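*Asks:* Supplied structure: protein04.cif, mmCIF, C-alpha atoms.
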```
data_input
loop_
_atom_site.group_PDB
_atom_site.id
_atom_site.type_symbol
_atom_site.label_atom_id
_atom_site.label_comp_id
_atom_site.auth_asym_id
_atom_site.auth_seq_id
_atom_site.Cartn_x
_atom_site.Cartn_y
_atom_site.Cartn_z
ATOM 1 C CA MET A 1 -53.424 50.282 91.551
ATOM 2 C CA SER A 2 -51.425 51.923 94.346
ATOM 3 C CA SER A 3 -47.633 51.795 94.313
ATOM 4 C CA SER A 4 -47.482 49.889 97.590
ATOM 5 C CA PHE A 5 -49.715 47.147 96.175
ATOM 6 C CA ARG A 6 -47.533 46.834 93.065
ATOM 7 C CA ILE A 7 -44.581 46.272 95.387
ATOM 8 C CA VAL A 8 -46.274 43.744 97.665
ATOM 9 C CA ARG A 9 -47.776 41.803 94.802
ATOM 10 C CA PRO A 10 -44.606 40.249 93.323
ATOM 11 C CA ILE A 11 -43.647 38.625 96.614
ATOM 12 C CA CYS A 12 -47.058 37.095 97.124
ATOM 13 C CA VAL A 13 -47.683 33.908 95.293
ATOM 14 C CA ALA A 14 -50.689 34.752 96.944
ATOM 15 C CA VAL A 15 -51.780 36.326 93.714
ATOM 16 C CA SER A 16 -54.168 34.102 91.818
ATOM 17 C CA LEU A 17 -53.880 34.188 88.043
ATOM 18 C CA LEU A 18 -57.513 35.155 87.630
ATOM 19 C CA LEU A 19 -58.164 37.060 90.826
ATOM 20 C CA VAL A 20 -55.778 39.061 92.995
ATOM 21 C CA MET A 21 -55.835 37.013 96.173
ATOM 22 C CA SER A 22 -53.734 34.739 98.309
ATOM 23 C CA ALA A 23 -52.904 31.378 96.813
ATOM 24 C CA GLY A 24 -53.367 29.856 100.226
ATOM 25 C CA SER A 25 -57.032 29.237 99.601
ATOM 26 C CA PHE A 26 -57.358 25.819 98.025
ATOM 27 C CA ALA A 27 -57.065 23.879 101.267
ATOM 28 C CA ALA A 28 -59.216 26.330 103.167
ATOM 29 C CA GLU A 29 -61.920 26.133 100.520
ATOM 30 C CA THR A 30 -61.971 22.398 99.920
ATOM 31 C CA GLY A 31 -61.345 21.253 103.449
ATOM 32 C CA THR A 32 -58.140 19.454 102.478
ATOM 33 C CA ALA A 33 -56.202 21.089 105.295
ATOM 34 C CA SER A 34 -58.601 20.021 108.011
ATOM 35 C CA ALA A 35 -58.738 16.521 106.580
ATOM 36 C CA ALA A 36 -54.949 16.208 106.662
ATOM 37 C CA SER A 37 -53.784 18.739 109.236
ATOM 38 C CA ASP A 38 -50.294 17.233 109.375
ATOM 39 C CA ASP A 39 -49.798 17.634 105.622
ATOM 40 C CA TRP A 40 -47.786 20.838 105.895
ATOM 41 C CA VAL A 41 -44.646 22.006 104.124
ATOM 42 C CA ALA A 42 -43.717 24.757 106.563
ATOM 43 C CA ILE A 43 -44.769 26.160 109.921
ATOM 44 C CA VAL A 44 -44.358 29.906 110.423
ATOM 45 C CA ASN A 45 -44.559 30.914 114.089
ATOM 46 C CA ASP A 46 -47.060 28.107 114.732
ATOM 47 C CA THR A 47 -49.049 28.797 111.545
ATOM 48 C CA PRO A 48 -48.849 25.984 108.964
ATOM 49 C CA ILE A 49 -48.388 26.364 105.221
ATOM 50 C CA TYR A 50 -50.232 23.379 103.759
ATOM 51 C CA ALA A 51 -49.014 21.192 100.911
ATOM 52 C CA ALA A 52 -52.456 21.484 99.309
ATOM 53 C CA ASP A 53 -52.077 25.252 99.092
ATOM 54 C CA VAL A 54 -48.726 24.886 97.367
ATOM 55 C CA ALA A 55 -50.090 22.238 94.984
ATOM 56 C CA TRP A 56 -52.974 24.569 94.142
ATOM 57 C CA GLY A 57 -50.557 27.375 93.319
ATOM 58 C CA VAL A 58 -48.364 25.148 91.164
ATOM 59 C CA ALA A 59 -51.450 23.940 89.296
ATOM 60 C CA GLN A 60 -52.547 27.519 88.581
ATOM 61 C CA VAL A 61 -49.118 28.560 87.277
ATOM 62 C CA THR A 62 -48.787 25.374 85.226
ATOM 63 C CA ALA A 63 -52.237 25.780 83.665
ATOM 64 C CA SER A 64 -51.483 29.369 82.695
ATOM 65 C CA PHE A 65 -48.124 28.390 81.196
ATOM 66 C CA GLU A 66 -49.539 25.488 79.225
ATOM 67 C CA LYS A 67 -52.256 27.668 77.705
ATOM 68 C CA THR A 68 -49.450 29.078 75.553
ATOM 69 C CA GLY A 69 -49.051 25.631 73.992
ATOM 70 C CA ARG A 70 -45.840 24.805 75.841
ATOM 71 C CA LYS A 71 -45.318 21.948 78.264
ATOM 72 C CA MET A 72 -43.841 22.561 81.707
ATOM 73 C CA GLY A 73 -41.209 20.047 82.773
ATOM 74 C CA ASP A 74 -40.864 18.450 86.194
ATOM 75 C CA ASP A 75 -37.720 20.462 87.035
ATOM 76 C CA GLU A 76 -39.516 23.721 86.324
ATOM 77 C CA LYS A 77 -42.473 22.622 88.462
ATOM 78 C CA LYS A 78 -40.066 21.899 91.330
ATOM 79 C CA ARG A 79 -38.550 25.369 91.024
ATOM 80 C CA ILE A 80 -42.025 26.930 91.001
ATOM 81 C CA ARG A 81 -43.001 24.870 94.047
ATOM 82 C CA GLU A 82 -39.960 26.077 96.005
ATOM 83 C CA ARG A 83 -40.639 29.663 95.009
ATOM 84 C CA LEU A 84 -44.276 29.346 96.011
ATOM 85 C CA ILE A 85 -43.356 27.964 99.436
ATOM 86 C CA LYS A 86 -40.923 30.827 100.032
ATOM 87 C CA GLU A 87 -43.425 33.434 98.929
ATOM 88 C CA LEU A 88 -46.227 31.926 101.018
ATOM 89 C CA ILE A 89 -43.900 32.042 104.016
ATOM 90 C CA ASP A 90 -43.125 35.696 103.260
ATOM 91 C CA MET A 91 -46.817 36.444 102.902
ATOM 92 C CA GLU A 92 -47.633 34.766 106.200
ATOM 93 C CA LEU A 93 -44.875 36.738 107.938
ATOM 94 C CA LEU A 94 -46.304 39.991 106.567
ATOM 95 C CA ILE A 95 -49.804 39.010 107.655
ATOM 96 C CA GLN A 96 -48.520 38.272 111.162
ATOM 97 C CA ALA A 97 -46.565 41.539 111.274
ATOM 98 C CA SER A 98 -49.689 43.424 110.143
ATOM 99 C CA ALA A 99 -51.715 41.800 112.930
ATOM 100 C CA LYS A 100 -49.123 42.781 115.548
ATOM 101 C CA LYS A 101 -49.358 46.394 114.395
ATOM 102 C CA GLY A 102 -53.157 46.243 114.543
ATOM 103 C CA VAL A 103 -53.550 47.111 110.862
ATOM 104 C CA GLN A 104 -57.174 46.898 109.729
ATOM 105 C CA VAL A 105 -59.183 47.522 106.593
ATOM 106 C CA THR A 106 -62.845 48.439 106.346
ATOM 107 C CA ASP A 107 -65.664 46.370 104.864
ATOM 108 C CA ALA A 108 -66.170 49.125 102.314
ATOM 109 C CA GLU A 109 -62.567 48.833 101.130
ATOM 110 C CA VAL A 110 -62.872 45.072 100.794
ATOM 111 C CA SER A 111 -66.156 45.371 98.904
ATOM 112 C CA ALA A 112 -64.649 47.941 96.544
ATOM 113 C CA LYS A 113 -61.716 45.642 95.766
ATOM 114 C CA ILE A 114 -64.052 42.720 95.074
ATOM 115 C CA GLU A 115 -66.079 44.917 92.739
ATOM 116 C CA ALA A 116 -62.813 45.708 90.943
ATOM 117 C CA TYR A 117 -62.220 41.965 90.536
ATOM 118 C CA LYS A 118 -65.704 41.569 89.080
ATOM 119 C CA ALA A 119 -65.153 44.436 86.659
ATOM 120 C CA ARG A 120 -62.430 42.405 84.941
ATOM 121 C CA TYR A 121 -65.047 39.990 83.652
ATOM 122 C CA PRO A 122 -67.680 40.665 80.993
ATOM 123 C CA ASP A 123 -70.551 39.614 83.253
ATOM 124 C CA ALA A 124 -71.440 38.076 86.619
ATOM 125 C CA ALA A 125 -71.647 34.573 85.162
ATOM 126 C CA SER A 126 -68.049 34.769 83.900
ATOM 127 C CA PHE A 127 -66.864 35.957 87.302
ATOM 128 C CA GLU A 128 -68.683 33.130 89.081
ATOM 129 C CA ALA A 129 -67.264 30.619 86.592
ATOM 130 C CA ALA A 130 -63.751 31.861 87.380
ATOM 131 C CA LEU A 131 -64.382 31.391 91.096
ATOM 132 C CA LYS A 132 -65.713 27.906 90.529
ATOM 133 C CA ALA A 133 -62.749 26.960 88.328
ATOM 134 C CA GLN A 134 -60.457 27.816 91.224
ATOM 135 C CA ASN A 135 -62.534 26.138 93.932
ATOM 136 C CA LEU A 136 -63.311 29.490 95.541
ATOM 137 C CA SER A 137 -66.395 30.866 97.183
ATOM 138 C CA MET A 138 -67.223 34.526 97.666
ATOM 139 C CA ASP A 139 -66.630 34.097 101.388
ATOM 140 C CA ASN A 140 -63.133 32.760 100.802
ATOM 141 C CA LEU A 141 -62.404 35.449 98.232
ATOM 142 C CA ARG A 142 -63.407 38.070 100.768
ATOM 143 C CA LYS A 143 -61.109 36.571 103.421
ATOM 144 C CA GLN A 144 -58.168 36.535 101.031
ATOM 145 C CA THR A 145 -58.910 40.091 99.923
ATOM 146 C CA VAL A 146 -58.837 41.245 103.547
ATOM 147 C CA LYS A 147 -55.365 39.703 103.885
ATOM 148 C CA MET A 148 -54.065 41.335 100.722
ATOM 149 C CA LEU A 149 -55.419 44.780 101.573
ATOM 150 C CA THR A 150 -54.119 44.514 105.125
ATOM 151 C CA VAL A 151 -50.602 43.722 103.900
ATOM 152 C CA GLU A 152 -50.833 46.537 101.356
ATOM 153 C CA ARG A 153 -51.734 48.998 104.107
ATOM 154 C CA PHE A 154 -48.991 47.656 106.357
ATOM 155 C CA VAL A 155 -46.353 48.193 103.666
ATOM 156 C CA LYS A 156 -47.690 51.669 102.973
ATOM 157 C CA ASP A 157 -47.807 52.675 106.640
ATOM 158 C CA GLU A 158 -44.624 51.001 107.858
ATOM 159 C CA LEU A 159 -42.283 51.066 104.858
ATOM 160 C CA SER A 160 -43.423 53.673 102.339
ATOM 161 C CA LYS A 161 -43.267 56.466 104.873
ATOM 162 C CA GLN A 162 -39.635 55.620 105.581
ATOM 163 C CA VAL A 163 -38.651 56.288 101.969
ATOM 164 C CA SER A 164 -38.195 59.752 100.561
ATOM 165 C CA ILE A 165 -37.017 60.663 97.070
ATOM 166 C CA SER A 166 -35.946 64.256 96.453
ATOM 167 C CA GLN A 167 -35.946 66.127 93.175
ATOM 168 C CA ALA A 168 -32.141 66.110 93.423
ATOM 169 C CA ASP A 169 -32.205 62.284 93.555
ATOM 170 C CA ALA A 170 -34.381 62.186 90.462
ATOM 171 C CA GLU A 171 -32.210 64.700 88.592
ATOM 172 C CA ALA A 172 -29.065 62.704 89.417
ATOM 173 C CA PHE A 173 -30.657 59.523 88.042
ATOM 174 C CA TYR A 174 -31.882 61.398 84.960
ATOM 175 C CA LYS A 175 -28.395 62.704 84.203
ATOM 176 C CA ALA A 176 -26.768 59.311 84.837
ATOM 177 C CA HIS A 177 -29.107 57.492 82.414
ATOM 178 C CA PRO A 178 -29.535 59.740 79.349
ATOM 179 C CA GLU A 179 -30.255 56.728 77.128
ATOM 180 C CA ARG A 180 -33.566 56.173 78.937
ATOM 181 C CA TYR A 181 -34.817 59.620 78.002
ATOM 182 C CA THR A 182 -33.567 59.864 74.442
ATOM 183 C CA GLN A 183 -36.228 59.646 71.783
ATOM 184 C CA LYS A 184 -34.661 58.146 68.647
ATOM 185 C CA GLU A 185 -35.329 59.549 65.210
ATOM 186 C CA GLN A 186 -38.752 58.528 63.939
ATOM 187 C CA VAL A 187 -40.575 58.712 60.647
ATOM 188 C CA ARG A 188 -44.222 58.425 59.797
ATOM 189 C CA ALA A 189 -45.125 56.607 56.625
ATOM 190 C CA SER A 190 -48.031 55.211 54.669
ATOM 191 C CA HIS A 191 -47.768 52.338 52.250
ATOM 192 C CA ILE A 192 -49.600 50.366 49.623
ATOM 193 C CA LEU A 193 -48.895 46.643 49.778
ATOM 194 C CA VAL A 194 -49.526 44.015 47.145
ATOM 195 C CA LYS A 195 -49.070 40.900 49.186
ATOM 196 C CA VAL A 196 -47.301 37.857 47.794
ATOM 197 C CA GLU A 197 -45.374 35.066 49.496
ATOM 198 C CA SER A 198 -41.612 35.033 48.955
ATOM 199 C CA SER A 199 -41.964 31.323 48.089
ATOM 200 C CA ALA A 200 -44.647 31.951 45.443
ATOM 201 C CA PRO A 201 -43.933 30.934 41.833
ATOM 202 C CA ASP A 202 -42.128 33.510 39.694
ATOM 203 C CA GLU A 203 -45.220 34.164 37.580
ATOM 204 C CA THR A 204 -47.298 34.884 40.699
ATOM 205 C CA ARG A 205 -44.688 37.307 41.998
ATOM 206 C CA ALA A 206 -44.416 38.959 38.598
ATOM 207 C CA ALA A 207 -48.191 39.437 38.489
ATOM 208 C CA ALA A 208 -48.137 41.043 41.969
ATOM 209 C CA ARG A 209 -45.386 43.438 40.955
ATOM 210 C CA LYS A 210 -47.203 44.316 37.724
ATOM 211 C CA LYS A 211 -50.314 45.158 39.751
ATOM 212 C CA LEU A 212 -48.313 47.541 41.931
ATOM 213 C CA GLU A 213 -46.676 49.076 38.861
ATOM 214 C CA GLY A 214 -50.177 49.923 37.655
ATOM 215 C CA ILE A 215 -50.936 51.652 40.958
ATOM 216 C CA GLN A 216 -47.599 53.459 40.712
ATOM 217 C CA GLU A 217 -48.599 54.856 37.310
ATOM 218 C CA ARG A 218 -51.869 56.156 38.742
ATOM 219 C CA LEU A 219 -49.911 57.945 41.476
ATOM 220 C CA LYS A 220 -47.654 59.551 38.893
ATOM 221 C CA LYS A 221 -50.751 60.860 37.171
ATOM 222 C CA GLY A 222 -51.789 62.627 40.371
ATOM 223 C CA GLU A 223 -54.171 60.240 42.117
ATOM 224 C CA ASP A 224 -54.269 60.436 45.920
ATOM 225 C CA PHE A 225 -51.999 58.007 47.786
ATOM 226 C CA SER A 226 -54.403 57.546 50.697
ATOM 227 C CA ALA A 227 -57.354 56.840 48.394
ATOM 228 C CA LEU A 228 -55.357 54.280 46.432
ATOM 229 C CA ALA A 229 -54.198 52.606 49.649
ATOM 230 C CA LYS A 230 -57.798 52.259 50.787
ATOM 231 C CA GLU A 231 -58.759 50.851 47.405
ATOM 232 C CA SER A 232 -55.835 48.532 46.671
ATOM 233 C CA SER A 233 -53.542 47.797 49.635
ATOM 234 C CA ASP A 234 -53.506 44.287 51.113
ATOM 235 C CA CYS A 235 -52.363 45.575 54.518
ATOM 236 C CA PRO A 236 -54.866 46.173 57.361
ATOM 237 C CA SER A 237 -53.540 49.757 57.406
ATOM 238 C CA SER A 238 -55.518 50.294 54.196
ATOM 239 C CA ALA A 239 -58.483 51.248 56.384
ATOM 240 C CA SER A 240 -56.549 54.356 57.459
ATOM 241 C CA GLY A 241 -55.194 55.158 54.021
ATOM 242 C CA GLY A 242 -52.077 53.050 54.531
ATOM 243 C CA ASP A 243 -50.917 55.077 57.555
ATOM 244 C CA LEU A 244 -48.465 53.153 59.777
ATOM 245 C CA GLY A 245 -47.913 55.938 62.294
ATOM 246 C CA PHE A 246 -44.475 56.880 63.640
ATOM 247 C CA PHE A 247 -41.783 54.222 63.984
ATOM 248 C CA GLU A 248 -38.092 54.055 64.825
ATOM 249 C CA ARG A 249 -35.384 52.734 62.551
ATOM 250 C CA GLY A 250 -35.308 48.943 62.623
ATOM 251 C CA ARG A 251 -38.885 48.475 63.770
ATOM 252 C CA MET A 252 -40.029 47.516 60.285
ATOM 253 C CA VAL A 253 -38.371 44.847 58.119
ATOM 254 C CA LYS A 254 -35.000 46.119 56.889
ATOM 255 C CA PRO A 255 -35.764 46.898 53.214
ATOM 256 C CA PHE A 256 -38.880 48.848 54.253
ATOM 257 C CA SER A 257 -37.115 50.669 57.095
ATOM 258 C CA ASP A 258 -34.081 51.555 54.987
ATOM 259 C CA ALA A 259 -36.268 52.977 52.228
ATOM 260 C CA ALA A 260 -38.470 55.000 54.587
ATOM 261 C CA PHE A 261 -35.585 56.598 56.482
ATOM 262 C CA ALA A 262 -33.815 57.516 53.219
ATOM 263 C CA MET A 263 -36.800 59.488 51.937
ATOM 264 C CA LYS A 264 -37.778 63.132 52.187
ATOM 265 C CA LYS A 265 -41.134 64.271 53.539
ATOM 266 C CA ASN A 266 -44.025 63.714 51.065
ATOM 267 C CA GLU A 267 -41.781 61.675 48.760
ATOM 268 C CA VAL A 268 -43.082 58.382 47.336
ATOM 269 C CA SER A 269 -40.654 55.506 46.968
ATOM 270 C CA ASP A 270 -40.029 53.250 44.040
ATOM 271 C CA ILE A 271 -41.282 49.667 44.515
ATOM 272 C CA VAL A 272 -39.773 48.072 47.632
ATOM 273 C CA GLU A 273 -39.659 44.292 47.976
ATOM 274 C CA THR A 274 -39.932 42.590 51.393
ATOM 275 C CA ARG A 275 -40.930 39.142 52.575
ATOM 276 C CA PHE A 276 -44.522 40.413 52.692
ATOM 277 C CA GLY A 277 -44.637 41.373 49.036
ATOM 278 C CA TYR A 278 -44.257 44.659 47.144
ATOM 279 C CA HIS A 279 -44.707 48.135 48.632
ATOM 280 C CA LEU A 280 -44.985 51.752 47.634
ATOM 281 C CA ILE A 281 -44.093 53.988 50.562
ATOM 282 C CA GLN A 282 -45.002 57.614 51.172
ATOM 283 C CA LEU A 283 -43.107 59.478 53.894
ATOM 284 C CA THR A 284 -45.572 61.802 55.637
ATOM 285 C CA ASP A 285 -43.598 63.135 58.612
ATOM 286 C CA ARG A 286 -40.295 62.933 60.459
ATOM 287 C CA LYS A 287 -39.179 63.568 64.046
ATOM 288 C CA ALA A 288 -35.532 64.223 64.789
ATOM 289 C CA ALA A 289 -33.897 62.456 67.713
ATOM 290 C CA SER A 290 -34.502 64.365 70.934
ATOM 291 C CA VAL A 291 -34.081 64.159 74.701
ATOM 292 C CA MET A 292 -37.187 64.355 76.871
ATOM 293 C CA PRO A 293 -36.781 67.285 79.291
ATOM 294 C CA PHE A 294 -36.488 66.500 82.994
ATOM 295 C CA ASP A 295 -39.700 68.361 83.808
ATOM 296 C CA GLN A 296 -41.583 66.014 81.483
ATOM 297 C CA VAL A 297 -40.416 62.873 83.288
ATOM 298 C CA ARG A 298 -39.900 64.183 86.832
ATOM 299 C CA GLU A 299 -43.141 62.968 88.400
ATOM 300 C CA THR A 300 -43.001 59.497 86.853
ATOM 301 C CA LEU A 301 -39.295 59.134 87.653
ATOM 302 C CA MET A 302 -39.688 60.134 91.299
ATOM 303 C CA LYS A 303 -42.496 57.611 91.688
ATOM 304 C CA GLU A 304 -40.384 54.904 90.024
ATOM 305 C CA LEU A 305 -37.369 55.617 92.245
ATOM 306 C CA LYS A 306 -39.521 55.558 95.354
ATOM 307 C CA GLU A 307 -40.954 52.174 94.383
ATOM 308 C CA GLN A 308 -37.424 50.844 93.896
ATOM 309 C CA GLU A 309 -36.428 52.010 97.371
ATOM 310 C CA ILE A 310 -39.568 50.543 98.938
ATOM 311 C CA ARG A 311 -38.763 47.201 97.277
ATOM 312 C CA LYS A 312 -35.303 47.319 98.834
ATOM 313 C CA ALA A 313 -36.803 48.162 102.221
ATOM 314 C CA LEU A 314 -39.344 45.355 101.866
ATOM 315 C CA THR A 315 -36.638 42.857 100.917
ATOM 316 C CA ALA A 316 -34.586 43.853 103.965
ATOM 317 C CA TYR A 317 -37.641 43.724 106.215
ATOM 318 C CA LEU A 318 -38.617 40.262 104.976
ATOM 319 C CA LYS A 319 -35.062 39.059 105.632
ATOM 320 C CA HIS A 320 -35.375 40.357 109.178
ATOM 321 C CA LEU A 321 -38.731 38.628 109.623
ATOM 322 C CA ASN A 322 -37.351 35.359 108.244
ATOM 323 C CA ASP A 323 -34.269 35.579 110.452
ATOM 324 C CA THR A 324 -36.227 36.216 113.629
ATOM 325 C CA ALA A 325 -39.235 33.966 113.026
ATOM 326 C CA GLU A 326 -39.627 30.350 114.028
ATOM 327 C CA ILE A 327 -39.881 28.626 110.664
ATOM 328 C CA VAL A 328 -39.879 24.859 110.253
ATOM 329 C CA ARG A 329 -39.584 23.325 106.773
ATOM 330 C CA ARG A 330 -40.024 19.719 105.713
#
```
If you took the structure in this file and wrote it as structure tokens, what would it be?

*Replies:*
Amino acid sequence: MSSSFRIVRPICVAVSLLLVMSAGSFAAETGTASAASDDWVAIVNDTPIYAADVAWGVAQVTASFEKTGRKMGDDEKKRIRERLIKELIDMELLIQASAKKGVQVTDAEVSAKIEAYKARYPDAASFEAALKAQNLSMDNLRKQTVKMLTVERFVKDELSKQVSISQADAEAFYKAHPERYTQKEQVRASHILVKVESSAPDETRAAARKKLEGIQERLKKGEDFSALAKESSDCPSSASGGDLGFFERGRMVKPFSDAAFAMKKNEVSDIVETRFGYHLIQLTDRKAASVMPFDQVRETLMKELKEQEIRKALTAYLKHLNDTAEIVRR
């Protein structure tokens, strides 16, 4: 995804939750707008923003939110509605500005973007089902894609070229924010877990600990830690010999983290108790805290700083468009 599109996208409610497109499609697709042409919430330089489009957007956001098992209240829906109206106005202003500049995209570009949409789905039937669920046809999707790509090109041509980030700018930011480029101390560890609930009866917990003590004895006799983890550990990491990879201090539960960071390389801990059960830990590697060199982050940082500046330019430009446009709200 291009940087200009990442910048345009947040200000377009115009982005469907399943397909990247303008939210102003429900009315156009279902005919609601033509059936109630006076049912508008805003008029932007003679172009209406229809209530049905806003309702469609609110419904999409609400459905996505409620899939998490939470319920969206009326106050939150009102806030979303107001945000959607503002963003649809902003989108319409950008579309109008693009048209004035004569910005165009090719059929091939539109087709390529639609193919990218399709690629997000396992098969054609799933893609078509997603369209149907949102009351969209391929024709409408194509129209909305043209709008999105046109605005993307407009931002790239008119705003991106006005922004320049030098290496000196990037170096100044790098030096002013050392915490962003400091890699904390990390260790790599493997473990063998005998799982038992902290609320389990004492005899159950005692049996779990006794099982791990037996494994501990086998280790002392020279058996391989990785092989025993594969054979006996109750953690999914058993498939990789108990390997948990590198982690920073505090990432694991405290008793586990404290034990791991106190160990020397290749050392095996005594039994460690956590809320998951009982563990034996083997420290396999350690990385000291370090600072990533500027050359390693330069390219990514310069791109990030440029995107920040383009966002500022876009915000200022949208304010100008809003201030100079004829916008009627009701």

*Asks:* I'd like to see the residues matched by the PyMOL selection byres ((chain A and resi 166-173) around 12) on this file, and ideally I'd get them as a PyMOL selection string.

*Replies:* chain A and resi 163-165+174-181+293-306+309

*Asks:* What's the 10 Å shell around Ala259 of chain A, counting only C-alpha atoms, without same-chain residues fewer than 3 positions away, as a PDB file with C-alpha atoms, in the coordinates of the input?

*Replies:*
```
ATOM      1  CA  LYS A 254     -35.000  46.119  56.889  1.00  0.00           C
ATOM      2  CA  PRO A 255     -35.764  46.898  53.214  1.00  0.00           C
ATOM      3  CA  PHE A 256     -38.880  48.848  54.253  1.00  0.00           C
ATOM      4  CA  ALA A 262     -33.815  57.516  53.219  1.00  0.00           C
ATOM      5  CA  MET A 263     -36.800  59.488  51.937  1.00  0.00           C
ATOM      6  CA  VAL A 268     -43.082  58.382  47.336  1.00  0.00           C
ATOM      7  CA  SER A 269     -40.654  55.506  46.968  1.00  0.00           C
ATOM      8  CA  ASP A 270     -40.029  53.250  44.040  1.00  0.00           C
ATOM      9  CA  ILE A 271     -41.282  49.667  44.515  1.00  0.00           C
ATOM     10  CA  VAL A 272     -39.773  48.072  47.632  1.00  0.00           C
ATOM     11  CA  LEU A 280     -44.985  51.752  47.634  1.00  0.00           C
ATOM     12  CA  ILE A 281     -44.093  53.988  50.562  1.00  0.00           C
ATOM     13  CA  GLN A 282     -45.002  57.614  51.172  1.00  0.00           C
ATOM     14  CA  LEU A 283     -43.107  59.478  53.894  1.00  0.00           C
TER      15      LEU A 283
END
```

*Asks:* Of the residues A:Val146, A:Ala97, A:Asp74, A:Thr68, which is the one nearest to Leu318 of chain A, using all atoms listed in the file?

*Replies:*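 Looking at the shortest contact to Leu318 of chain A, the residue is A:Ala97.
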
*Asks:* If you take every atom of segment 168-183 of chain A that the file lists and fit an axis-aligned box around them with 3 Å extra on each side, what centre and edge lengths come out in Å to one decimal, as AutoDock Vina command-line options?

*Replies:*
```
--center_x -31.5 --center_y 61.1 --center_z 82.7 --size_x 15.5 --size_y 15.9 --size_z 27.8
```

*Asks:* Give me the residues near Ile49 of chain A as a count of residues only, where near means some atom within 9 Å (using all atoms listed in the file) and where sequence neighbours in that chain fewer than 3 positions away do not count.

*Replies:* 14

*Asks:* Applied to the shown file, which residues does the PyMOL selection byres ((chain A and resi 98) around 12) return, written as a list in words?

*Replies:*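 When the PyMOL selection byres ((chain A and resi 98) around 12) is applied, the selected residues are Met91, Glu92, Leu93, Leu94, Ile95, Gln96, Ala97, Ala99, Lys100, Lys101, Gly102, Val103, Gln104, Val105, Val146, Lys147, Met148, Leu149, Thr150, Val151, Glu152, Arg153, Phe154, Val155, Lys156, Asp157, Glu158, Leu159 and Leu321 of chain A.
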
*Asks:* Translate the PyMOL selection byres ((chain A and resi 109-125) around 10) into a concrete residue list for this structure, as a ChimeraX atom specification.

*Replies:* /A:18-21,105-108,126-131,138,141-150

*Asks:* I need the residue nearest Phe225 of chain A from this list: A:His320, A:Arg249, A:His191, A:Arg209. Use all atoms listed in the file for the distance.

*Replies:* A:His191

*Asks:* Would you mind listing, for every residue of segment 97-158 of chain A within 12 Å of segment 57-67 of chain A, the two atoms forming the shortest contact and the distance between them in Å to one decimal, using all atoms listed in the file, sorted by chain and ascending residue number, as CSV?

*Replies:*
```
residue,atom,partner,partner_atom,distance
A:Ala133,CA,A:Gln60,CA,10.2
A:Gln134,CA,A:Gln60,CA,8.3
A:Asn135,CA,A:Gln60,CA,11.4
```
